[in-house]
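Text of the file query05.csv, holding CSV, C-alpha atoms:
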```csv
chain,number,residue,atom,x,y,z
A,10,MET,CA,82.0,-19.2,7.8
A,11,LYS,CA,79.5,-17.4,9.9
A,12,LYS,CA,77.4,-14.9,7.9
A,13,ASP,CA,75.1,-12.0,8.6
A,14,ILE,CA,71.6,-12.6,7.3
A,15,ILE,CA,68.4,-10.6,7.4
A,16,ILE,CA,65.1,-12.3,6.7
A,17,ILE,CA,61.8,-10.5,5.9
A,18,SER,CA,58.5,-12.0,5.1
A,19,VAL,CA,54.9,-11.2,4.4
A,20,THR,CA,54.1,-13.3,7.5
A,21,SER,CA,54.9,-11.8,10.9
A,22,TRP,CA,57.1,-13.9,13.3
A,23,TYR,CA,54.3,-13.5,15.8
A,24,THR,CA,51.6,-15.1,13.6
A,25,LYS,CA,50.3,-18.2,15.3
A,26,ILE,CA,50.4,-20.4,12.2
A,27,GLY,CA,53.8,-21.8,11.1
A,28,SER,CA,55.7,-20.3,8.2
A,29,ASN,CA,58.6,-21.3,6.0
A,30,ALA,CA,60.4,-18.0,6.8
A,31,LYS,CA,60.4,-18.9,10.5
A,32,ASN,CA,61.7,-22.4,9.9
A,33,ILE,CA,64.4,-21.0,7.6
A,34,ALA,CA,65.4,-18.4,10.2
A,35,ILE,CA,65.7,-21.0,13.0
A,36,GLU,CA,67.7,-23.4,10.9
A,37,LEU,CA,70.1,-20.6,9.6
A,38,SER,CA,70.6,-19.4,13.2
A,39,LYS,CA,72.3,-22.7,14.0
A,40,GLU,CA,75.4,-21.4,12.1
A,41,HIS,CA,74.8,-17.8,11.2
A,42,ASN,CA,73.7,-14.4,12.7
A,43,VAL,CA,70.1,-13.9,11.7
A,44,VAL,CA,67.9,-10.8,12.1
A,45,PHE,CA,64.2,-11.4,11.3
A,46,ILE,CA,62.5,-8.0,10.6
A,47,ASN,CA,58.7,-8.1,10.8
A,48,TYR,CA,56.6,-6.6,8.0
A,49,PRO,CA,56.0,-3.0,9.0
A,50,GLU,CA,52.6,-2.0,10.3
A,51,THR,CA,50.6,0.6,8.3
A,52,ILE,CA,49.4,3.9,9.6
A,53,ALA,CA,45.9,2.4,9.4
A,54,ASP,CA,47.0,-0.5,11.6
A,55,TYR,CA,48.3,2.0,14.2
A,56,ILE,CA,45.1,4.0,14.2
A,57,LYS,CA,43.1,0.8,14.6
A,58,GLN,CA,45.2,-0.1,17.6
A,59,LEU,CA,44.6,3.3,19.2
A,60,ILE,CA,40.8,2.8,18.7
A,61,ASN,CA,41.0,-0.7,20.3
A,62,ASN,CA,42.9,0.7,23.2
A,63,LEU,CA,40.2,3.3,23.8
A,64,ARG,CA,37.6,0.5,23.7
A,65,GLY,CA,39.6,-1.5,26.2
A,66,LEU,CA,40.4,-4.2,23.6
A,67,LYS,CA,43.8,-5.8,23.9
A,68,ASN,CA,46.4,-5.7,21.1
A,69,ILE,CA,49.2,-8.1,20.6
A,70,LYS,CA,52.2,-6.6,22.4
A,71,ARG,CA,55.4,-7.0,20.5
A,72,LYS,CA,58.8,-6.3,21.9
A,73,ARG,CA,61.0,-3.9,20.0
A,74,ILE,CA,63.6,-6.6,20.1
A,75,ASP,CA,63.1,-10.3,20.9
A,76,TRP,CA,65.9,-12.8,21.2
A,77,ILE,CA,64.9,-16.3,20.1
A,78,ASN,CA,68.4,-17.8,20.6
A,79,ASP,CA,71.9,-16.5,20.8
A,80,ASN,CA,72.0,-16.0,17.0
A,81,LEU,CA,68.4,-15.1,16.1
A,82,LEU,CA,66.6,-11.9,17.1
A,83,ILE,CA,63.3,-10.5,16.0
A,84,LYS,CA,63.0,-6.8,15.2
A,85,ASN,CA,59.9,-4.7,14.4
A,86,SER,CA,60.2,-1.9,11.8
A,87,LYS,CA,60.8,1.5,13.4
A,88,LYS,CA,58.7,3.2,10.8
A,89,ARG,CA,55.1,2.8,9.6
A,90,VAL,CA,54.1,2.6,5.9
A,91,LEU,CA,51.1,3.9,4.0
A,92,PRO,CA,48.1,1.6,3.6
A,93,ILE,CA,48.0,1.1,-0.2
A,94,SER,CA,46.6,-2.5,-0.6
A,95,GLY,CA,43.2,-1.2,-1.7
A,96,ILE,CA,44.5,1.1,-4.4
A,97,LYS,CA,43.5,-0.1,-7.9
A,98,ASN,CA,45.2,2.5,-10.0
A,99,GLU,CA,48.6,1.1,-11.1
A,100,TRP,CA,50.4,4.5,-11.4
A,101,LEU,CA,49.3,5.7,-7.9
A,102,PHE,CA,50.1,2.3,-6.4
A,103,ARG,CA,53.6,2.3,-7.9
A,104,LEU,CA,54.2,5.9,-6.6
A,105,LEU,CA,53.2,5.1,-3.0
A,106,ASN,CA,54.8,1.7,-3.0
A,107,ARG,CA,58.1,3.3,-4.0
A,108,TYR,CA,57.7,5.5,-0.9
A,109,ASN,CA,56.9,2.5,1.3
A,110,SER,CA,59.9,0.6,-0.1
A,111,LYS,CA,62.2,3.5,0.7
A,112,ILE,CA,60.9,3.7,4.3
A,113,PHE,CA,61.3,0.0,4.9
A,114,SER,CA,64.8,0.0,3.2
A,115,ASN,CA,65.9,2.8,5.5
A,116,CYS,CA,64.7,0.7,8.4
A,117,ILE,CA,66.8,-2.3,7.2
A,118,ASN,CA,69.8,-0.1,6.6
A,119,SER,CA,69.5,1.2,10.2
A,120,HIS,CA,69.4,-2.4,11.6
A,121,ILE,CA,72.5,-3.2,9.5
A,122,LYS,CA,74.3,-0.3,11.1
A,123,GLU,CA,72.9,-1.0,14.6
A,124,PHE,CA,74.2,-4.6,14.6
A,125,ASN,CA,77.3,-3.9,12.6
A,126,LEU,CA,76.3,-6.5,9.9
A,127,LYS,CA,78.9,-7.1,7.2
A,128,ASN,CA,78.3,-8.4,3.6
A,129,THR,CA,74.7,-8.8,4.5
A,130,ILE,CA,72.5,-11.4,2.8
A,131,LEU,CA,68.8,-10.6,2.7
A,132,ILE,CA,66.3,-13.5,2.2
A,133,ASN,CA,63.0,-12.1,1.1
A,134,ASP,CA,60.0,-14.4,1.6
A,135,SER,CA,57.5,-13.2,-1.0
A,136,SER,CA,57.6,-9.5,0.1
A,137,MET,CA,57.4,-8.3,-3.5
A,138,TYR,CA,55.9,-4.9,-3.0
A,139,LEU,CA,58.3,-3.6,-0.3
A,140,GLY,CA,61.2,-5.4,-1.9
A,141,LEU,CA,60.7,-4.1,-5.4
A,142,HIS,CA,63.2,-1.2,-4.9
A,143,PHE,CA,65.8,-3.0,-2.7
A,144,LYS,CA,68.4,-2.9,-5.5
A,145,LYS,CA,68.2,0.9,-5.4
A,146,TYR,CA,68.0,1.5,-1.7
A,147,LEU,CA,70.0,-1.5,-0.3
A,148,LYS,CA,73.1,-1.2,-2.5
A,149,GLU,CA,75.4,-3.3,-0.3
A,150,VAL,CA,73.0,-6.1,0.3
A,151,PHE,CA,72.7,-9.4,-1.6
A,152,HIS,CA,69.0,-10.0,-2.3
A,153,ALA,CA,67.6,-13.6,-2.5
A,154,TYR,CA,63.9,-13.6,-3.4
A,155,TYR,CA,62.0,-16.7,-2.1
A,156,ILE,CA,58.8,-18.0,-3.7
A,157,ARG,CA,56.6,-20.6,-2.0
A,158,ASP,CA,53.1,-19.5,-3.1
A,159,ASN,CA,51.5,-18.4,-6.4
A,160,LEU,CA,50.7,-14.9,-5.2
A,161,SER,CA,50.7,-13.5,-8.7
A,162,LYS,CA,47.6,-15.5,-9.4
A,163,SER,CA,45.9,-14.8,-6.1
A,164,LYS,CA,42.4,-13.4,-6.1
A,165,PHE,CA,42.8,-11.6,-2.7
A,166,LYS,CA,42.6,-7.8,-2.9
A,167,PHE,CA,46.1,-7.3,-1.4
A,168,TRP,CA,47.7,-9.2,-4.3
A,169,GLN,CA,45.9,-7.5,-7.2
A,170,HIS,CA,49.2,-5.8,-8.3
A,171,ALA,CA,51.3,-9.0,-7.9
A,172,LYS,CA,50.8,-10.1,-11.5
A,173,TYR,CA,53.2,-7.3,-12.8
A,174,ILE,CA,55.2,-6.5,-9.7
A,175,GLU,CA,56.5,-10.0,-9.0
A,176,PRO,CA,58.1,-10.5,-12.4
A,177,GLU,CA,59.9,-7.2,-11.9
A,178,ILE,CA,61.3,-8.2,-8.5
A,179,ILE,CA,62.3,-11.6,-9.8
A,180,MET,CA,64.3,-9.9,-12.6
A,181,LYS,CA,66.0,-7.6,-10.1
A,182,ALA,CA,66.9,-10.2,-7.5
A,183,ASP,CA,70.5,-11.5,-7.3
A,184,VAL,CA,69.1,-15.0,-6.9
A,185,VAL,CA,65.6,-16.6,-6.8
A,186,LEU,CA,64.9,-19.6,-4.6
A,187,THR,CA,61.7,-21.6,-4.9
A,188,ASN,CA,60.2,-24.6,-3.1
A,189,SER,CA,58.8,-26.3,-6.3
A,190,THR,CA,59.9,-26.9,-9.8
A,191,TYR,CA,56.7,-25.1,-11.0
A,192,TYR,CA,57.8,-21.9,-9.4
A,193,GLN,CA,61.4,-22.4,-10.6
A,194,ASP,CA,60.1,-22.6,-14.2
A,195,TYR,CA,58.0,-19.5,-13.6
A,196,ALA,CA,61.0,-17.5,-12.2
A,197,LEU,CA,63.4,-18.7,-14.9
A,198,GLN,CA,61.3,-16.7,-17.4
A,199,LYS,CA,62.7,-13.5,-15.8
A,200,ASN,CA,65.9,-14.6,-14.0
A,201,GLN,CA,68.3,-17.4,-15.1
A,202,ASN,CA,69.6,-17.5,-11.5
A,203,SER,CA,66.4,-19.3,-10.3
A,204,PHE,CA,66.6,-22.6,-8.4
A,205,MET,CA,64.4,-25.1,-6.6
A,206,VAL,CA,65.6,-25.8,-3.1
A,207,GLY,CA,62.8,-28.1,-2.0
A,208,GLN,CA,60.7,-27.9,1.1
A,209,GLY,CA,61.7,-28.4,4.6
A,210,CYS,CA,59.5,-30.2,7.1
A,211,ASP,CA,59.8,-30.7,10.9
A,212,LEU,CA,59.2,-34.4,11.2
A,213,SER,CA,60.4,-34.8,14.7
A,214,LEU,CA,57.0,-36.0,15.9
A,215,TYR,CA,56.7,-38.6,13.2
A,216,ASN,CA,58.4,-41.5,14.9
A,217,LEU,CA,56.7,-44.6,13.5
A,218,ASP,CA,58.3,-46.9,16.2
A,219,SER,CA,56.6,-45.1,19.1
A,220,ILE,CA,53.1,-45.0,17.7
A,221,SER,CA,50.8,-48.0,17.8
A,222,LYS,CA,48.1,-48.7,15.2
A,223,ASN,CA,44.5,-49.0,16.1
A,224,ILE,CA,43.7,-52.6,15.0
A,225,LEU,CA,40.1,-52.7,16.5
A,226,ASN,CA,38.4,-51.2,13.5
A,227,LYS,CA,38.7,-53.7,10.6
A,228,ARG,CA,37.3,-51.3,8.0
A,229,LYS,CA,39.9,-49.9,5.7
A,230,LYS,CA,40.6,-46.2,6.0
A,231,VAL,CA,41.7,-43.7,3.3
A,232,GLY,CA,42.6,-40.4,5.0
A,233,TYR,CA,43.5,-36.8,4.5
A,234,VAL,CA,45.0,-34.3,7.0
A,235,GLY,CA,44.9,-30.6,6.4
A,236,ASN,CA,42.6,-27.7,5.6
A,237,ILE,CA,39.3,-28.9,4.1
A,238,SER,CA,38.8,-26.1,1.6
A,239,SER,CA,36.9,-25.8,-1.6
A,240,LEU,CA,39.8,-23.8,-3.0
A,241,ARG,CA,42.1,-26.9,-2.6
A,242,LEU,CA,40.0,-30.0,-2.5
A,243,ASP,CA,38.0,-31.7,-5.3
A,244,ILE,CA,34.6,-32.4,-3.5
A,245,ASP,CA,33.2,-34.3,-6.5
A,246,LEU,CA,36.2,-36.6,-6.5
A,247,ILE,CA,35.6,-37.4,-2.8
A,248,VAL,CA,32.0,-38.2,-3.5
A,249,TYR,CA,32.9,-40.4,-6.4
A,250,LEU,CA,35.4,-42.4,-4.4
A,251,ALA,CA,33.0,-42.8,-1.4
A,252,GLU,CA,30.1,-43.9,-3.7
A,253,ASN,CA,32.2,-46.4,-5.7
A,254,LEU,CA,34.1,-47.8,-2.7
A,255,PRO,CA,31.4,-48.1,0.0
A,256,GLU,CA,33.4,-50.7,1.9
A,257,ILE,CA,36.1,-48.1,2.7
A,258,ASP,CA,35.9,-45.2,5.2
A,259,PHE,CA,37.2,-41.9,3.9
A,260,VAL,CA,38.4,-39.8,6.9
A,261,PHE,CA,39.2,-36.1,6.7
A,262,VAL,CA,41.0,-34.4,9.6
A,263,GLY,CA,41.3,-30.7,9.8
A,264,PRO,CA,39.4,-27.4,10.0
A,265,LEU,CA,36.4,-27.3,7.6
A,266,ASP,CA,35.9,-24.3,5.4
A,267,LYS,CA,32.4,-22.8,5.9
A,268,LYS,CA,32.2,-22.1,2.2
A,269,ILE,CA,32.7,-25.8,1.2
A,270,ASN,CA,29.6,-27.6,0.0
A,271,THR,CA,29.2,-30.8,2.0
A,272,LYS,CA,25.6,-31.5,1.1
A,273,LYS,CA,26.5,-34.4,-1.2
A,274,ILE,CA,29.0,-35.7,1.3
A,275,GLN,CA,26.7,-35.6,4.3
A,276,LEU,CA,24.5,-38.3,2.6
A,277,LEU,CA,27.4,-40.7,2.6
A,278,SER,CA,27.9,-42.7,5.7
A,279,ASN,CA,31.5,-43.7,4.8
A,280,VAL,CA,32.8,-40.1,4.7
A,281,ILE,CA,33.9,-38.9,8.2
A,282,PHE,CA,35.0,-35.4,9.2
A,283,LYS,CA,37.1,-35.4,12.4
A,284,GLY,CA,37.6,-31.7,12.7
A,285,LYS,CA,40.8,-30.0,13.8
A,286,ILE,CA,43.1,-31.8,16.2
A,287,PRO,CA,46.3,-30.9,18.1
A,288,GLU,CA,49.5,-31.0,16.0
A,289,GLU,CA,51.0,-33.6,18.3
A,290,ASP,CA,48.1,-36.0,17.5
A,291,VAL,CA,48.5,-35.8,13.7
A,292,PRO,CA,51.1,-38.7,13.4
A,293,LYS,CA,48.8,-41.0,15.4
A,294,VAL,CA,45.9,-40.2,13.2
A,295,ILE,CA,47.9,-40.8,10.0
A,296,ASN,CA,49.2,-44.1,11.4
A,297,ASP,CA,45.6,-45.4,11.5
A,298,PHE,CA,45.1,-44.7,7.8
A,299,ASP,CA,45.7,-47.6,5.3
A,300,ILE,CA,46.2,-45.1,2.5
A,301,CYS,CA,46.7,-41.3,2.5
A,302,ILE,CA,45.4,-39.0,-0.2
A,303,ASN,CA,45.7,-35.5,-1.4
A,304,PRO,CA,42.6,-35.0,-3.6
A,305,GLN,CA,43.4,-31.5,-4.9
A,306,VAL,CA,41.4,-29.6,-7.4
A,307,VAL,CA,43.9,-28.2,-9.9
A,308,ASN,CA,43.9,-24.4,-10.1
A,309,ASP,CA,46.3,-21.5,-10.0
A,310,VAL,CA,46.7,-21.9,-6.2
A,311,THR,CA,47.4,-25.7,-6.1
A,312,VAL,CA,49.3,-26.4,-9.4
A,313,GLY,CA,52.6,-25.2,-8.1
A,314,ASN,CA,52.3,-25.8,-4.3
A,315,TYR,CA,54.5,-28.2,-2.4
A,316,PRO,CA,52.1,-29.9,0.0
A,317,ARG,CA,54.0,-30.6,3.3
A,318,LYS,CA,51.4,-33.2,4.2
A,319,ILE,CA,52.9,-35.5,1.6
A,320,ASP,CA,56.1,-35.6,3.6
A,321,GLU,CA,54.1,-36.2,6.8
A,322,TYR,CA,52.3,-39.2,5.1
A,323,LEU,CA,55.5,-40.7,3.8
A,324,ALA,CA,57.3,-40.2,7.2
A,325,MET,CA,54.7,-42.6,8.7
A,326,GLY,CA,55.5,-45.0,5.9
A,327,LYS,CA,52.0,-44.7,4.3
A,328,PRO,CA,51.2,-45.3,0.6
A,329,VAL,CA,50.0,-42.1,-0.9
A,330,ILE,CA,47.8,-41.2,-3.9
A,331,ALA,CA,47.7,-37.5,-4.9
A,332,THR,CA,46.4,-35.5,-7.8
A,333,LYS,CA,48.9,-35.1,-10.5
A,334,THR,CA,50.3,-31.5,-10.8
A,335,LEU,CA,53.6,-30.1,-12.1
A,336,ALA,CA,54.8,-29.6,-8.5
A,337,MET,CA,53.8,-33.1,-7.5
A,338,GLU,CA,56.1,-34.5,-10.2
A,339,TYR,CA,58.8,-34.1,-7.5
A,340,PHE,CA,57.2,-37.1,-5.7
A,341,LYS,CA,56.6,-39.3,-8.8
A,342,ASP,CA,59.0,-42.1,-7.5
A,343,SER,CA,57.3,-42.4,-4.1
A,344,VAL,CA,53.6,-41.3,-4.7
A,345,ILE,CA,50.9,-42.6,-7.0
A,346,LEU,CA,49.9,-39.5,-9.1
A,347,ALA,CA,46.3,-39.8,-10.4
A,348,ASP,CA,45.2,-37.9,-13.4
A,349,SER,CA,41.5,-38.9,-13.2
A,350,TYR,CA,38.8,-40.1,-10.8
A,351,GLN,CA,39.2,-43.6,-12.3
A,352,GLU,CA,42.9,-43.6,-11.6
A,353,TYR,CA,42.3,-42.6,-8.0
A,354,LYS,CA,39.8,-45.5,-7.6
A,355,GLU,CA,42.1,-48.0,-9.3
A,356,GLY,CA,45.1,-46.8,-7.2
A,357,ILE,CA,43.3,-47.4,-3.9
A,358,ILE,CA,42.1,-50.9,-5.0
A,359,ASP,CA,45.6,-51.8,-6.2
A,360,ILE,CA,47.3,-50.8,-3.0
A,361,LEU,CA,44.8,-52.6,-0.7
A,362,SER,CA,45.0,-55.7,-2.9
A,363,ASN,CA,48.6,-56.0,-3.8
A,364,GLU,CA,51.1,-53.9,-1.8
A,365,ASP,CA,53.3,-55.2,0.9
A,366,ASN,CA,53.3,-52.1,3.1
A,367,HIS,CA,56.1,-53.3,5.3
A,368,GLN,CA,58.4,-53.7,2.3
A,369,PHE,CA,58.0,-50.1,1.1
A,370,SER,CA,57.4,-48.4,4.4
A,371,GLU,CA,61.0,-47.8,5.2
A,372,LYS,CA,61.7,-46.5,1.7
A,373,ARG,CA,59.0,-43.9,2.1
A,374,ARG,CA,60.2,-42.8,5.5
A,375,LYS,CA,63.8,-42.3,4.2
A,376,ILE,CA,62.5,-40.1,1.3
A,377,ALA,CA,60.5,-38.0,3.7
A,378,LEU,CA,63.2,-37.6,6.3
A,379,ASN,CA,65.5,-36.4,3.6
A,380,HIS,CA,63.2,-33.4,3.1
A,381,SER,CA,64.5,-31.7,6.2
A,382,TRP,CA,64.9,-28.0,6.9
A,383,GLU,CA,68.6,-28.7,7.3
A,384,ASN,CA,68.9,-30.0,3.7
A,385,CYS,CA,66.6,-27.3,2.3
A,386,VAL,CA,68.6,-24.5,3.9
A,387,SER,CA,71.9,-26.0,3.0
A,388,LEU,CA,70.9,-26.0,-0.6
A,389,MET,CA,69.6,-22.5,-0.3
A,390,MET,CA,72.9,-21.2,1.1
A,391,SER,CA,74.9,-23.1,-1.6
A,392,TYR,CA,73.2,-21.1,-4.3
A,393,ILE,CA,73.5,-17.8,-2.4
A,394,ASN,CA,77.2,-18.4,-1.7
A,395,LYS,CA,77.8,-19.2,-5.4
A,396,PHE,CA,76.2,-16.1,-6.8
A,397,LYS,CA,77.4,-13.8,-4.0
A,398,LEU,CA,81.0,-14.8,-4.9
A,399,LEU,CA,80.2,-14.0,-8.6
A,400,ASN,CA,78.9,-10.6,-7.6
A,401,THR,CA,82.4,-9.5,-6.4
A,402,TYR,CA,81.4,-5.8,-6.4
A,403,ARG,CA,79.2,-6.6,-3.3
A,404,ILE,CA,82.0,-8.1,-1.2
```
Exercise: express the given structure as structure tokens:
Amino acid sequence: MKKDIIIISVTSWYTKIGSNAKNIAIELSKEHNVVFINYPETIADYIKQLINNLRGLKNIKRKRIDWINDNLLIKNSKKRVLPISGIKNEWLFRLLNRYNSKIFSNCINSHIKEFNLKNTILINDSSMYLGLHFKKYLKEVFHAYYIRDNLSKSKFKFWQHAKYIEPEIIMKADVVLTNSTYYQDYALQKNQNSFMVGQGCDLSLYNLDSISKNILNKRKKVGYVGNISSLRLDIDLIVYLAENLPEIDFVFVGPLDKKINTKKIQLLSNVIFKGKIPEEDVPKVINDFDICINPQVVNDVTVGNYPRKIDEYLAMGKPVIATKTLAMEYFKDSVILADSYQEYKEGIIDILSNEDNHQFSEKRRKIALNHSWENCVSLMMSYINKFKLLNTYRI
């Protein structure tokens, strides 16, 4: 049955980088009516735009309404909110945030009326501040709160209040959906209706049969694709592996964080940084690796994250070694999870020495291809439908 769904997110639809909320919206629009409402701009943003206009600088022009397909439209908030992210005082922040939440809720209500939406489902991607008072101001809306990042532990100024706000919105939500078991366990502390729905990935480019492997370079390659950041990667581990396995090239593909300390690595001839490459070239690069790795440093940011790159590696049939975390336990049957530097080294040696890649390649591919947005959204809607039916007062 076709449903009316509103999606909000801390990430704008027009942001250049991809986002889970956009993928979820596109997938849902295949069967349902979807309205994606962008995060409202603040009064400070508006003033900044005016100043830029006076200076002759261009701002991103956003249409008031933007149809993506017959069932998916993008709307901008009609009202602006107060800029409160820099406020440290909890009492003042809560007071002004309640005002912002009311403003945004009124905007959502106006869109519900404008498009004659019925029995509306609202999927809220991490917008914990504006969403905190939805239960009060959106009385006829079923609220599904979606967690895919550990914002309550973030050190960024904007999230300084998340540590006490997010537990409150989790408790108030009708259902909580997460993309990792770590976040599910976290949400279950406040809301028993919390479920892991997995992570979707667009693996349409990862067609192993259409990509040939570079067989000219006979040196073995262990590779990583993604942001090369000190917040996520264990640099000492990379140095250890390169020094102890000098016959292997360690290749890193992706943008290099300026804060990362590469002094130790620069002295090693078998560590190669390729830089950022076009998205369509990623499968070809992965196909040239003999082994793929995800050498994470374990911290509040990485411990619960579902790394999409794992699915990309597996979709190319590659053996994978990754740092063991609670979230990575999801992949324990298809990925070698290393708990120490020594285990990383032994895992690489073991794969290169013993594994019949052809035998296990198809198995890995099938696992990755099962992690589609279609499957993720289907599971998401099954939980929403279940608890929406239980909340009969909303129907």
Show me a table, sorted first by chain and then by increasing residue number, of the residues of segment 159-234 of chain A having an atom at most 12 Å from segment 353-357 of chain A, each with its shortest atom pair and the distance in Å to one decimal, counting all atoms listed in the file and written as JSON lines.
```
{"residue": "A:Lys229", "atom": "CA", "partner": "A:Ile357", "partner_atom": "CA", "distance": 10.5}
{"residue": "A:Lys230", "atom": "CA", "partner": "A:Ile357", "partner_atom": "CA", "distance": 10.3}
{"residue": "A:Val231", "atom": "CA", "partner": "A:Ile357", "partner_atom": "CA", "distance": 8.3}
{"residue": "A:Gly232", "atom": "CA", "partner": "A:Ile357", "partner_atom": "CA", "distance": 11.3}
```
Legend entry - Within 7 Å of segment 173-179 of chain A using all atoms listed in the file, minus same-chain residues under 4 positions, as a PyMOL selection string: chain A and resi 137-138+141+154+161+185+196+199-200
Inset, instruction - Give the answer as one residue: which of A:Met337, A:Tyr233, A:Gly313, A:Ala324 has the shortest atom-to-atom distance to Phe298 of chain A, using only C-alpha atoms? - result: A:Tyr233
Inset, instruction - Record the distance separating atom CA of Val386 of chain A and atom CA of Lys84 of chain A, expressed in Å with one decimal. - result: 21.7 Å
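When only C-alpha atoms are used to measure the gap to Lys122 of chain A, the shortest distance among A:Lys395, A:Glu149, A:Asn159, A:Ser343 belongs to A:Glu149.
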Inset, instruction - Could you check how far atom CA of Ile132 of chain A sits from atom CA of Tyr155 of chain A, in Å to one decimal? - result: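 For atom CA of Ile132 of chain A relative to atom CA of Tyr155 of chain A, the distance reads 6.9 Å.
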